[in-house]
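Asker: Input protein.txt, format and content: compact mmCIF, C-alpha atoms.
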```txt
# COMPACT_ATOMS: atom_id res chain seq x y z
CA ARG R 1 -17.33 80.58 -2.54
CA PHE R 2 -14.70 80.65 -5.27
CA TYR R 3 -15.51 79.50 -8.78
CA PRO R 4 -12.88 78.86 -11.41
CA GLU R 5 -13.73 80.19 -14.86
CA PRO R 6 -14.52 77.56 -17.42
CA PRO R 7 -12.36 77.54 -20.52
CA VAL R 8 -14.02 79.48 -23.33
CA PRO R 9 -12.87 79.36 -26.93
CA PHE R 10 -11.18 82.56 -28.15
CA THR R 11 -11.02 84.13 -24.69
CA GLY R 12 -8.64 82.03 -22.65
CA ARG R 13 -9.30 81.08 -19.09
CA GLY R 14 -9.77 83.82 -16.53
CA SER R 15 -8.66 83.79 -12.93
CA GLY R 16 -12.12 82.89 -11.60
CA PHE R 17 -14.38 84.76 -9.24
CA TRP R 18 -15.81 84.82 -5.76
CA ALA R 19 -19.59 84.62 -5.40
CA LEU R 20 -20.70 86.93 -2.60
CA VAL R 21 -24.25 86.25 -1.47
CA ARG R 22 -24.51 87.71 2.03
CA HIS R 23 -25.54 91.36 2.35
CA ALA R 24 -22.65 92.17 4.68
CA ASP R 25 -20.13 90.70 2.22
CA ILE R 26 -21.61 92.58 -0.72
CA THR R 27 -21.62 95.85 1.25
CA GLU R 28 -17.98 95.34 2.25
CA ALA R 29 -16.97 94.51 -1.34
CA SER R 30 -18.81 97.55 -2.68
CA ARG R 31 -16.78 99.80 -0.39
CA ASN R 32 -13.41 98.35 -1.42
CA PRO R 33 -12.95 98.50 -5.19
CA GLN R 34 -9.17 98.20 -4.76
CA ILE R 35 -9.71 94.63 -3.54
CA PHE R 36 -13.08 93.68 -5.05
CA SER R 37 -13.18 94.88 -8.64
CA SER R 38 -16.12 94.89 -11.05
CA GLU R 39 -13.71 95.45 -13.92
CA PRO R 40 -13.46 94.34 -16.62
CA ASN R 41 -16.81 92.62 -16.28
CA ALA R 42 -19.19 91.95 -13.41
CA THR R 43 -22.25 90.93 -15.39
CA THR R 44 -21.23 87.66 -16.98
CA LEU R 45 -19.24 84.67 -15.81
CA ILE R 46 -16.80 85.07 -18.65
CA ASP R 47 -14.81 88.22 -19.37
CA PRO R 48 -15.28 89.13 -23.03
CA PRO R 49 -12.19 89.59 -25.15
CA GLY R 50 -10.85 93.14 -25.40
CA TRP R 51 -12.24 93.75 -28.90
CA LEU R 52 -15.75 93.05 -27.59
CA GLN R 53 -15.46 94.98 -24.31
CA LYS R 54 -15.79 98.39 -25.94
CA TYR R 55 -19.27 97.40 -27.07
CA VAL R 56 -20.54 95.67 -23.93
CA ASN R 57 -19.00 97.73 -21.15
CA SER R 58 -21.38 99.65 -18.95
CA MET R 59 -21.25 101.52 -15.68
CA ILE R 60 -22.15 98.27 -13.90
CA ASN R 61 -18.72 97.01 -14.90
CA MET R 62 -16.86 100.04 -13.55
CA ASP R 63 -15.15 100.64 -10.25
CA ASP R 64 -14.90 103.94 -8.42
CA PRO R 65 -13.96 106.66 -9.14
CA ARG R 66 -15.26 106.22 -12.76
CA HIS R 67 -18.42 104.46 -11.53
CA ALA R 68 -19.19 107.23 -9.02
CA LYS R 69 -18.68 109.93 -11.67
CA ILE R 70 -21.14 108.28 -14.10
CA ARG R 71 -23.57 107.45 -11.26
CA ARG R 72 -23.67 111.13 -10.23
CA ILE R 73 -24.66 112.09 -13.78
CA VAL R 74 -27.26 109.34 -14.20
CA SER R 75 -28.73 109.72 -10.73
CA ARG R 76 -30.03 113.19 -11.61
CA ALA R 77 -32.76 111.49 -13.64
CA PHE R 78 -33.83 109.43 -10.63
CA THR R 79 -34.38 112.05 -7.95
CA PRO R 80 -37.82 112.01 -6.29
CA LYS R 81 -38.72 115.23 -8.12
CA MET R 82 -37.77 113.82 -11.54
CA LEU R 83 -39.50 110.51 -10.85
CA ALA R 84 -42.67 112.33 -9.79
CA LYS R 85 -42.69 114.03 -13.20
CA THR R 86 -42.62 110.67 -14.97
CA GLU R 87 -45.08 108.85 -12.67
CA ASP R 88 -48.18 109.84 -14.67
CA ASP R 89 -46.50 108.81 -17.92
CA VAL R 90 -45.51 105.43 -16.48
CA GLN R 91 -49.02 104.82 -15.13
CA ALA R 92 -50.57 105.73 -18.50
CA ARG R 93 -48.13 103.46 -20.33
CA ALA R 94 -48.85 100.57 -17.94
CA SER R 95 -52.59 101.04 -18.45
CA ARG R 96 -52.14 101.07 -22.22
CA ILE R 97 -50.08 97.85 -22.11
CA VAL R 98 -52.77 96.12 -20.03
CA ASP R 99 -55.53 97.42 -22.32
CA GLU R 100 -53.67 96.09 -25.36
CA LEU R 101 -53.25 92.71 -23.66
CA ILE R 102 -56.98 92.56 -22.95
CA ALA R 103 -57.75 93.52 -26.56
CA THR R 104 -55.35 91.01 -28.15
CA GLY R 105 -55.93 88.15 -25.73
CA PRO R 106 -53.46 85.72 -24.21
CA GLY R 107 -49.95 85.30 -25.53
CA ASP R 108 -46.36 85.36 -24.42
CA PHE R 109 -46.51 87.38 -21.19
CA VAL R 110 -42.86 88.41 -21.32
CA SER R 111 -43.01 89.94 -24.79
CA LYS R 112 -46.55 91.35 -24.49
CA VAL R 113 -46.24 92.81 -20.99
CA ALA R 114 -43.18 92.26 -18.81
CA VAL R 115 -40.49 93.55 -21.15
CA ARG R 116 -42.45 96.46 -22.51
CA LEU R 117 -42.88 98.73 -19.51
CA PRO R 118 -39.24 98.94 -18.42
CA VAL R 119 -37.90 99.11 -21.96
CA GLU R 120 -40.38 101.74 -23.07
CA VAL R 121 -39.76 103.86 -19.97
CA ILE R 122 -35.98 103.64 -20.42
CA CYS R 123 -36.30 104.40 -24.14
CA ASP R 124 -38.41 107.45 -23.30
CA MET R 125 -35.81 108.63 -20.80
CA LEU R 126 -33.11 108.25 -23.47
CA GLY R 127 -35.16 109.92 -26.20
CA ILE R 128 -35.50 106.77 -28.32
CA PRO R 129 -38.57 106.97 -30.59
CA ASP R 130 -41.43 104.48 -30.19
CA ALA R 131 -40.74 102.98 -33.62
CA LEU R 132 -37.33 101.77 -32.43
CA TYR R 133 -38.59 99.92 -29.31
CA PRO R 134 -38.82 96.47 -30.98
CA ARG R 135 -35.33 96.84 -32.41
CA VAL R 136 -33.89 98.00 -29.09
CA VAL R 137 -35.53 95.05 -27.30
CA ARG R 138 -34.17 92.59 -29.86
CA LEU R 139 -30.63 94.01 -29.66
CA THR R 140 -30.55 94.27 -25.85
CA ASN R 141 -31.79 90.68 -25.56
CA ILE R 142 -28.75 89.58 -27.56
CA VAL R 143 -26.33 91.66 -25.50
CA LEU R 144 -27.81 90.85 -22.07
CA GLY R 145 -28.63 87.25 -22.97
CA ASN R 146 -25.03 86.80 -23.99
CA THR R 147 -24.72 83.13 -23.00
CA ASP R 148 -28.33 82.20 -23.75
CA PRO R 149 -28.49 79.96 -26.84
CA GLU R 150 -31.90 81.43 -27.70
CA TYR R 151 -30.34 84.84 -28.34
CA THR R 152 -26.72 84.17 -29.29
CA GLY R 153 -26.42 80.52 -30.25
CA ILE R 154 -23.68 80.07 -27.63
CA THR R 155 -24.25 76.62 -26.15
CA PRO R 156 -23.30 75.46 -22.65
CA ASP R 157 -20.70 73.09 -24.10
CA MET R 158 -18.89 76.14 -25.56
CA ARG R 159 -18.42 74.67 -29.02
CA PRO R 160 -15.85 76.92 -30.72
CA LEU R 161 -17.91 77.70 -33.83
CA ASN R 162 -21.08 78.47 -31.82
CA THR R 163 -19.07 80.63 -29.42
CA LEU R 164 -17.38 82.57 -32.22
CA LYS R 165 -20.71 83.16 -34.00
CA GLY R 166 -22.31 84.17 -30.67
CA MET R 167 -19.54 86.66 -29.87
CA ALA R 168 -19.89 88.14 -33.35
CA LYS R 169 -23.65 88.44 -32.83
CA ILE R 170 -23.13 90.17 -29.47
CA ALA R 171 -20.59 92.56 -31.01
CA TRP R 172 -22.94 93.33 -33.91
CA ALA R 173 -25.92 93.96 -31.58
CA SER R 174 -23.83 96.17 -29.29
CA ARG R 175 -22.52 98.12 -32.27
CA GLU R 176 -26.06 98.60 -33.56
CA LEU R 177 -27.14 99.99 -30.17
CA HIS R 178 -24.17 102.36 -30.25
CA ARG R 179 -25.16 103.45 -33.77
CA ILE R 180 -28.73 104.15 -32.65
CA ALA R 181 -27.45 106.24 -29.74
CA ALA R 182 -24.94 108.12 -31.92
CA LYS R 183 -27.56 108.88 -34.57
CA LEU R 184 -30.01 110.15 -31.95
CA GLY R 185 -27.22 112.15 -30.33
CA ARG R 186 -26.40 113.86 -33.63
CA ARG R 187 -30.09 114.75 -34.08
```
As structure tokens, please, write out the structure in this file.
Answerer:
Amino acid sequence: RFYPEPPVPFTGRGSGFWALVRHADITEASRNPQIFSSEPNATTLIDPPGWLQKYVNSMINMDDPRHAKIRRIVSRAFTPKMLAKTEDDVQARASRIVDELIATGPGDFVSKVAVRLPVEVICDMLGIPDALYPRVVRLTNIVLGNTDPEYTGITPDMRPLNTLKGMAKIAWASRELHRIAAKLGRR
């Protein structure tokens, strides 16, 4: 099914997109990046303006051959042998998270449990220190929750001022994540 893009302040109206929901269609699209492109953005309904793309682009938004090149590099960390090395660490971390939940009692399940394991494991893989986990979670929530008013203030009615403030917040959060990565890279 084809969906036209809604008008968004400061971005213009895009050409729209096709929603592929059948496995066979998705497989076919994945094999034909010349026809079915993920660029410039496959993760939100609205393509961000160019000045914001440098902060929010990821390999998910790339087509082959660039996507395949990055995937080959990243996939080395996810071989069965590498994953077996991290299995004990992941199990210990999961046990610690559950123990902490039991000790502290009920609360917001997402923040106390669900978000922690994947974020902490990814941070470990990237060499991000434990002390930065809360900051990384807060910043990635802004970037990934890009049209969620809770994180960006962008409202469904796309009020221009809310949208501009939200885009600035997304750009700031993305830039902060880049700064964290650059600082750790220099170390």
Asker: Expressed in Å to a single decimal, how great is the separation between CA of Gly166 (chain R) and CA of Asn41 (chain R)?
Answerer: 17.6 Å
Asker: Just the number, please: distance in Å from CA of Asp63 (chain R) to CA of Ala29 (chain R), one decimal.
Answerer: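 These atoms are spaced 11.0 Å apart.
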Asker: With a distance cut-off of 10 Å and all atoms listed in the file, select the neighbouring residues of Leu177 (chain R), excluding the residue or stretch itself and same-chain residues fewer than 6 positions from it, and output the selection as number ranges by chain.
Answerer: R: 55, 135-136, 139-140, 143, 171, 183
Asker: Go ahead and write the selection's residues with C-alpha atoms as a PDB file, in the frame of the given file.
Answerer:
```pdb
ATOM      1  CA  TYR R  55     -19.270  97.400 -27.070  1.00  0.00           C
ATOM      2  CA  ARG R 135     -35.330  96.840 -32.410  1.00  0.00           C
ATOM      3  CA  VAL R 136     -33.890  98.000 -29.090  1.00  0.00           C
ATOM      4  CA  LEU R 139     -30.630  94.010 -29.660  1.00  0.00           C
ATOM      5  CA  THR R 140     -30.550  94.270 -25.850  1.00  0.00           C
ATOM      6  CA  VAL R 143     -26.330  91.660 -25.500  1.00  0.00           C
ATOM      7  CA  ALA R 171     -20.590  92.560 -31.010  1.00  0.00           C
ATOM      8  CA  LYS R 183     -27.560 108.880 -34.570  1.00  0.00           C
TER       9      LYS R 183
END
```
Asker: Mind pulling up the distance from CA of Ser75 (chain R) to CA of Val121 (chain R)?
Answerer: 15.5 Å
Asker: Using only C-alpha atoms, which residue out of R:Glu39, R:Ser111, R:Met82, R:Arg116 lies closest to Ala94 (chain R)?
Answerer: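 That would be R:Arg116, the residue with the smallest distance to Ala94 (chain R).
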Asker: Neighbours of Met125 (chain R) within 12 Å (all atoms listed in the file; same-chain residues fewer than 2 positions away dropped), as a list of chain:residue names?
Answerer: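 These residues fall inside the cut-off: R:Val74, R:Arg76, R:Ala77, R:Phe78, R:Met82, R:Leu83, R:Lys85, R:Thr86, R:Asp89, R:Val90, R:Pro118, R:Val119, R:Glu120, R:Val121, R:Ile122, R:Cys123, R:Gly127, R:Ile128, R:Pro129, R:Asp130.
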